[in-house]
>>> print(open('entry.tsv').read())   # TSV, C-alpha atoms and all ligand atoms
chain	number	residue	atom	x	y	z
A	24	MET	CA	43.51	13.84	0.55
A	25	SER	CA	40.84	14.75	3.05
A	26	ILE	CA	40.40	15.82	6.64
A	27	ASP	CA	39.79	13.13	9.22
A	28	HIS	CA	36.93	13.49	11.68
A	29	ASN	CA	35.28	10.99	14.01
A	30	LEU	CA	36.65	7.49	14.08
A	31	TYR	CA	35.57	4.43	16.05
A	32	ILE	CA	37.20	1.06	16.59
A	33	HIS	CA	34.98	-2.00	16.48
A	34	ASP	CA	35.77	-5.68	16.02
A	35	GLY	CA	39.27	-5.21	14.66
A	36	PHE	CA	38.45	-2.37	12.30
A	37	VAL	CA	38.81	1.39	12.44
A	38	TYR	CA	35.78	3.18	11.00
A	39	ALA	CA	36.92	6.66	10.03
A	40	ALA	CA	34.56	9.35	8.77
A	41	ASN	CA	36.94	11.34	6.60
A	42	TYR	CA	34.85	14.20	5.22
A	43	THR	CA	35.22	14.40	1.43
A	44	THR	CA	36.59	10.86	0.99
A	45	GLY	CA	33.68	9.38	2.96
A	46	LEU	CA	33.96	6.34	5.20
A	47	ARG	CA	37.35	4.62	5.33
A	48	VAL	CA	37.68	1.24	7.05
A	49	LEU	CA	41.12	0.18	8.23
A	50	SER	CA	42.34	-3.07	9.75
A	51	VAL	CA	44.16	-2.94	13.09
A	52	ASP	CA	45.86	-6.32	12.48
A	53	ALA	CA	49.30	-4.82	11.94
A	54	ILE	CA	48.97	-1.82	14.23
A	55	GLY	CA	51.88	-3.14	16.32
A	56	GLU	CA	54.14	-2.55	13.31
A	57	GLY	CA	52.75	0.96	12.88
A	58	LYS	CA	50.53	-0.03	9.95
A	59	LEU	CA	46.83	0.62	9.36
A	60	GLY	CA	45.80	-1.00	6.09
A	61	GLU	CA	42.67	0.25	4.36
A	62	VAL	CA	40.31	-2.67	3.66
A	63	ALA	CA	37.11	-0.96	2.51
A	64	TRP	CA	35.60	2.43	1.77
A	65	VAL	CA	32.46	4.24	0.66
A	66	ASP	CA	32.95	7.68	-0.85
A	67	THR	CA	29.79	9.46	0.30
A	68	HIS	CA	31.03	12.67	-1.31
A	69	PRO	CA	31.95	11.69	-4.88
A	70	ALA	CA	32.06	15.32	-6.07
A	71	ASP	CA	35.64	15.87	-4.86
A	72	ASP	CA	38.30	14.81	-2.34
A	73	GLU	CA	39.27	18.29	-1.29
A	74	LEU	CA	40.40	19.61	2.06
A	75	SER	CA	37.04	20.98	3.11
A	76	PHE	CA	34.46	20.28	5.78
A	77	LYS	CA	32.02	18.58	3.41
A	78	GLY	CA	30.98	14.95	3.36
A	79	ALA	CA	31.12	12.33	6.13
A	80	TRP	CA	31.67	13.60	9.64
A	81	SER	CA	30.65	10.62	11.71
A	82	VAL	CA	29.85	6.94	11.55
A	83	TYR	CA	28.09	4.42	13.78
A	84	PRO	CA	29.34	0.83	13.26
A	85	PHE	CA	27.93	-0.76	16.45
A	86	PHE	CA	24.46	-1.99	15.43
A	87	GLU	CA	23.83	-5.68	16.01
A	88	SER	CA	22.53	-5.93	12.43
A	89	GLU	CA	26.03	-4.84	11.28
A	90	THR	CA	24.46	-2.04	9.28
A	91	ILE	CA	26.84	0.91	9.31
A	92	VAL	CA	25.32	4.38	9.48
A	93	ILE	CA	27.32	7.24	8.01
A	94	SER	CA	26.24	10.82	8.57
A	95	ASP	CA	27.13	13.03	5.67
A	96	ILE	CA	26.75	16.78	6.05
A	97	ASN	CA	25.52	17.23	2.50
A	98	GLU	CA	23.83	13.94	1.68
A	99	GLY	CA	22.17	12.92	4.95
A	100	LEU	CA	22.29	9.44	6.50
A	101	ILE	CA	23.83	6.70	4.40
A	102	LEU	CA	23.55	3.01	5.24
A	103	ALA	CA	26.37	0.64	4.34
A	104	ARG	CA	27.49	-2.88	5.03
A	105	LEU	CA	30.99	-4.26	5.33
A	106	THR	CA	31.59	-7.54	3.58
A	107	VAL	CA	34.95	-8.98	4.49
A	108	ARG	CA	36.38	-11.30	1.94
A	109	GLU	CA	37.41	-14.61	3.40
A	110	TYR	CA	41.13	-15.19	3.67
A	111	ASP	CA	40.80	-18.45	1.80
A	112	GLU	CA	37.93	-17.59	-0.50
A	113	ASP	CA	37.60	-20.55	-2.85
A	114	LEU	CA	36.17	-20.77	-6.32
A	115	THR	CA	32.62	-21.42	-5.09
A	116	GLN	CA	32.61	-18.35	-2.85
A	117	TRP	CA	34.15	-16.28	-5.62
A	118	ARG	CA	31.42	-17.36	-8.04
A	119	GLU	CA	28.70	-16.57	-5.52
A	120	ARG	CA	30.16	-13.11	-5.07
A	121	TYR	CA	29.88	-12.28	-8.78
A	122	PHE	CA	26.99	-14.35	-10.13
A	123	SER	CA	23.40	-14.59	-8.87
A	124	PRO	CA	22.04	-17.93	-7.55
A	125	GLU	CA	19.64	-18.01	-10.54
A	126	THR	CA	22.52	-17.68	-13.00
A	127	LEU	CA	24.60	-20.34	-11.26
A	128	ALA	CA	21.63	-22.73	-11.21
A	129	ASN	CA	21.20	-22.47	-14.98
A	130	PRO	CA	23.34	-25.04	-16.80
A	131	ALA	CA	22.56	-23.38	-20.15
A	132	LEU	CA	24.69	-20.40	-19.01
A	133	GLU	CA	27.76	-22.43	-18.06
A	134	ASN	CA	29.56	-22.02	-21.38
A	135	THR	CA	28.84	-18.32	-21.74
A	136	ILE	CA	28.57	-16.90	-18.20
A	137	TRP	CA	29.72	-18.84	-15.19
A	138	GLY	CA	31.82	-21.82	-16.33
A	139	LEU	CA	35.60	-21.85	-15.89
A	140	GLU	CA	36.15	-21.46	-19.63
A	141	ALA	CA	33.56	-18.69	-20.09
A	142	ASP	CA	34.62	-15.09	-20.69
A	143	PRO	CA	31.37	-13.13	-20.17
A	144	ASP	CA	33.05	-9.70	-20.18
A	145	ASP	CA	35.12	-10.53	-23.27
A	146	ASP	CA	38.40	-9.26	-21.81
A	147	GLY	CA	40.42	-12.24	-22.95
A	148	MET	CA	40.61	-13.79	-19.49
A	149	ASN	CA	38.33	-16.72	-18.84
A	150	ASN	CA	36.69	-17.10	-15.43
A	151	PHE	CA	39.41	-19.42	-14.21
A	152	LEU	CA	42.03	-16.73	-14.82
A	153	GLU	CA	39.76	-14.03	-13.37
A	154	PHE	CA	39.51	-16.12	-10.20
A	155	ALA	CA	43.25	-16.83	-10.11
A	156	LEU	CA	44.14	-13.15	-10.61
A	157	ASP	CA	41.32	-11.91	-8.36
A	158	SER	CA	39.59	-9.78	-10.97
A	159	ASN	CA	35.96	-9.09	-11.77
A	160	PRO	CA	34.53	-11.54	-14.35
A	161	SER	CA	31.78	-9.08	-15.37
A	162	VAL	CA	33.97	-6.03	-16.03
A	163	LYS	CA	36.88	-5.88	-18.44
A	164	SER	CA	39.91	-6.35	-16.23
A	165	PHE	CA	42.83	-5.13	-18.31
A	166	GLY	CA	44.42	-3.74	-15.14
A	167	ALA	CA	44.74	-7.28	-13.79
A	168	TYR	CA	46.76	-8.52	-16.76
A	169	PRO	CA	50.26	-9.62	-15.75
A	170	LYS	CA	52.66	-6.70	-16.29
A	171	PHE	CA	55.92	-7.27	-18.10
A	172	GLY	CA	58.95	-5.22	-17.18
A	173	ILE	CA	62.72	-5.01	-17.41
A	174	GLU	CA	64.41	-4.16	-14.13
A	175	ASN	CA	67.97	-3.73	-13.00
A	176	ILE	CA	68.32	-6.21	-10.20
A	177	SER	CA	71.23	-7.40	-8.16
A	178	PRO	CA	70.41	-10.92	-6.97
A	179	ASP	CA	73.12	-10.86	-4.29
A	180	GLY	CA	72.49	-7.25	-3.24
A	181	SER	CA	75.81	-5.80	-4.45
A	182	GLU	CA	75.50	-2.81	-6.76
A	183	GLU	CA	78.30	-3.90	-9.11
A	184	ALA	CA	76.47	-7.12	-9.88
A	185	GLU	CA	73.32	-5.36	-11.12
A	186	SER	CA	71.94	-6.69	-14.41
A	187	ALA	CA	68.76	-6.32	-16.44
A	188	TYR	CA	66.19	-9.02	-15.79
A	189	ALA	CA	62.78	-9.66	-17.32
A	190	THR	CA	60.03	-9.31	-14.71
A	191	LEU	CA	56.39	-10.29	-14.59
A	192	SER	CA	54.11	-8.88	-11.91
A	193	PHE	CA	50.53	-9.81	-11.04
A	194	ARG	CA	48.11	-10.43	-8.15
A	195	GLN	CA	48.04	-13.98	-6.96
A	196	ARG	CA	45.96	-15.82	-4.39
A	197	LYS	CA	47.87	-16.66	-1.25
A	198	SER	CA	46.02	-19.55	0.24
A	199	ILE	CA	44.60	-21.63	-2.60
A	200	ASP	CA	47.09	-24.45	-2.69
A	201	TYR	CA	45.66	-26.07	-5.83
A	202	LEU	CA	46.71	-23.07	-7.95
A	203	ARG	CA	50.24	-22.89	-9.29
A	204	TYR	CA	51.45	-19.67	-10.91
A	205	GLU	CA	54.24	-20.19	-13.33
A	206	PRO	CA	55.67	-17.50	-15.62
A	207	VAL	CA	57.25	-19.16	-18.63
A	208	SER	CA	59.34	-17.78	-21.48
A	209	THR	CA	60.59	-18.69	-24.90
A	210	LYS	CA	63.16	-17.04	-27.15
A	211	SER	CA	61.16	-17.59	-30.29
A	212	LEU	CA	57.52	-17.99	-31.21
A	213	GLN	CA	58.46	-20.28	-34.08
A	214	ASN	CA	58.41	-23.75	-32.59
A	215	PRO	CA	58.35	-22.17	-29.11
A	216	ALA	CA	60.00	-24.03	-26.28
A	217	TRP	CA	58.31	-22.59	-23.18
A	218	VAL	CA	60.48	-23.02	-20.12
A	219	SER	CA	59.70	-22.22	-16.52
A	220	ASN	CA	62.70	-20.10	-15.58
A	221	PHE	CA	61.36	-17.37	-13.29
A	222	VAL	CA	61.83	-16.95	-9.55
A	223	VAL	CA	60.01	-14.77	-7.03
A	224	HIS	CA	61.69	-11.38	-6.76
A	225	GLU	CA	59.34	-9.31	-4.61
A	226	ILE	CA	56.07	-9.77	-2.71
A	227	GLU	CA	53.82	-6.85	-1.87
A	228	GLU	CA	51.13	-7.42	0.74
A	229	LEU	CA	47.71	-6.11	-0.26
A	230	PRO	CA	44.76	-5.22	1.96
A	231	GLY	CA	42.23	-7.96	2.55
A	232	GLU	CA	44.82	-10.72	3.02
A	233	SER	CA	43.60	-13.12	0.35
A	234	VAL	CA	45.86	-11.88	-2.43
A	235	GLU	CA	49.35	-10.48	-2.82
A	236	ARG	CA	51.15	-8.79	-5.67
A	237	VAL	CA	54.13	-10.88	-6.69
A	238	THR	CA	56.91	-9.85	-9.04
A	239	TYR	CA	58.86	-12.68	-10.62
A	240	ARG	CA	62.18	-12.21	-12.38
A	241	SER	CA	63.93	-14.30	-14.98
A	242	LEU	CA	66.53	-16.65	-13.53
A	243	GLU	CA	69.12	-15.44	-16.02
A	244	PRO	CA	69.80	-11.78	-16.82
A	245	LEU	CA	68.94	-10.50	-20.29
A	246	GLN	CA	71.88	-10.55	-22.65
A	247	ASP	CA	73.07	-7.50	-24.53
A	248	GLY	CA	74.48	-8.03	-27.94
A	249	SER	CA	73.83	-8.48	-31.57
A	250	PRO	CA	71.55	-9.65	-32.96
A	251	LEU	CA	69.14	-8.27	-30.39
A	252	GLN	CA	67.79	-11.02	-28.20
A	253	SER	CA	64.04	-11.51	-28.03
A	254	LEU	CA	62.15	-13.02	-25.15
A	255	PHE	CA	58.43	-13.83	-24.99
A	256	VAL	CA	56.92	-14.20	-21.54
A	257	ARG	CA	53.55	-15.47	-20.47
A	258	LEU	CA	51.87	-16.59	-17.29
A	259	ARG	CA	50.68	-20.13	-16.95
A	260	VAL	CA	48.21	-20.84	-14.15
A	261	VAL	CA	47.77	-24.52	-13.41
A	262	LYS	CA	45.15	-26.13	-11.24
A	263	THR	CA	46.88	-29.05	-9.66
A	264	GLU	CA	43.76	-30.88	-8.57
A	265	PRO	CA	40.10	-30.85	-9.66
A	266	PHE	CA	37.87	-28.25	-8.00
B	301	CA	CA	36.77	-12.33	-18.53
B	302	CA	CA	37.17	-9.25	-16.13
>>> encode(input="entry.tsv", output="structure tokens", more="lines below")
Ligand SMILES: [Ca+2]
Ligand SMILES: [Ca+2]
Amino acid sequence: MSIDHNLYIHDGFVYAANYTTGLRVLSVDAIGEGKLGEVAWVDTHPADDELSFKGAWSVYPFFESETIVISDINEGLILARLTVREYDEDLTQWRERYFSPETLANPALENTIWGLEADPDDDGMNNFLEFALDSNPSVKSFGAYPKFGIENISPDGSEEAESAYATLSFRQRKSIDYLRYEPVSTKSLQNPAWVSNFVVHEIEELPGESVERVTYRSLEPLQDGSPLQSLFVRLRVVKTEPF
């Protein structure tokens, strides 16, 4: 929570100097629906986000060089740059965002750093999954793991028909058509028979347009009863054609 001060609109973005939360950049794409989605920010006043007249009070986003100048009452002038992620960022662009040209040019580092199977941050997700789930391959990304849940859902909207369903929620790329996301489940891990029996339940739009948070639910509701039913769920991400 902070106080807003000067804001300027330039090239489809609102640049708002918001005192203690610094510069906030919002997209005007959906302004007709009353929405201003935040797409980027720089907190020039990391000490706090309080309702006080400290921090950023103006911003100048109009330079031809695209350098953004933020004037911060306490810190002075701060220079920033807005990098807008491409809507259809592909694997190559994603790699270039996270790995230096020197690293990518070194074949000896493929297996440990930049290859699809490599897991340089040792978070259990290889680079292919980090790309598919839009996480950072150099920082442990436990927050990007698919989240399992059990939700009361009424597929036809009537309250009487509400039942408990298994859900799996994660960020997925919207526009990469060679990626297929497929939650699968099995009732037993002994001789597991993984079946693809989930459907899309809910889609949440996220800022930046290249990803969305999708919640899938099991096709069939969970059964009550004895013995207690077990269900193991995992996400399978398939690349349907070579990169
Ligand atoms: Ca990783
Ligand atoms: Ca990671």
>>> closest_atom_pairs(input="entry.tsv", of="chain A", to="ligand CA 302 (chain B)", cutoff="6 Å", atoms="all atoms listed in the file", output="tab-separated table")
residue	atom	partner	partner_atom	distance
A:Asp144	CA	B:CA302	CA	5.8
A:Asp146	CA	B:CA302	CA	5.8
A:Ser158	CA	B:CA302	CA	5.7
A:Asn159	CA	B:CA302	CA	4.5
A:Pro160	CA	B:CA302	CA	3.9
A:Ser161	CA	B:CA302	CA	5.4
A:Val162	CA	B:CA302	CA	4.5
A:Lys163	CA	B:CA302	CA	4.1
A:Ser164	CA	B:CA302	CA	4.0
>>> residues_near_ligand(input="entry.tsv", ligand="ligand CA 301 (chain B)", cutoff="6 Å", atoms="only C-alpha atoms and all ligand atoms", output="VMD selection string")
chain A and resid 142 to 150 160
>>> closest_residue(input="entry.tsv", among="A:Ala63, A:Ile32, A:Ala155, A:Leu254", to="Arg203 in chain A", atoms="all atoms listed in the file")
A:Ala155
>>> residues_around(input="entry.tsv", residues="Asp95 in chain A", least_positions_apart="4", cutoff="6 Å", atoms="only C-alpha atoms", output="ChimeraX atom specification")
/A:78-79,99
>>> write_last_selection(input="entry.tsv", atoms="C-alpha atoms", output="CSV table (one decimal), in the frame of the given file")
chain,number,residue,atom,x,y,z
A,78,GLY,CA,31.0,15.0,3.4
A,79,ALA,CA,31.1,12.3,6.1
A,99,GLY,CA,22.2,12.9,5.0
>>> residues_around(input="entry.tsv", residues="Ser81 in chain A", least_positions_apart="2", cutoff="8 Å", atoms="only C-alpha atoms", output="VMD selection string")
chain A and resid 28 to 30 39 to 40 79 83 93 to 95
>>> atom_distance(input="entry.tsv", atom1="CA of Met24 in chain A", atom2="CA of Leu229 in chain A")
20.4 Å
>>> closest_residue(input="entry.tsv", among="A:Val62, A:Ala70, A:Val234, A:Leu245", to="Lys197 in chain A", atoms="only C-alpha atoms")
A:Val234
>>> closest_residue(input="entry.tsv", among="A:Tyr168, A:Phe85, A:Trp137, A:Tyr121", to="Val37 in chain A", atoms="only C-alpha atoms")
A:Phe85
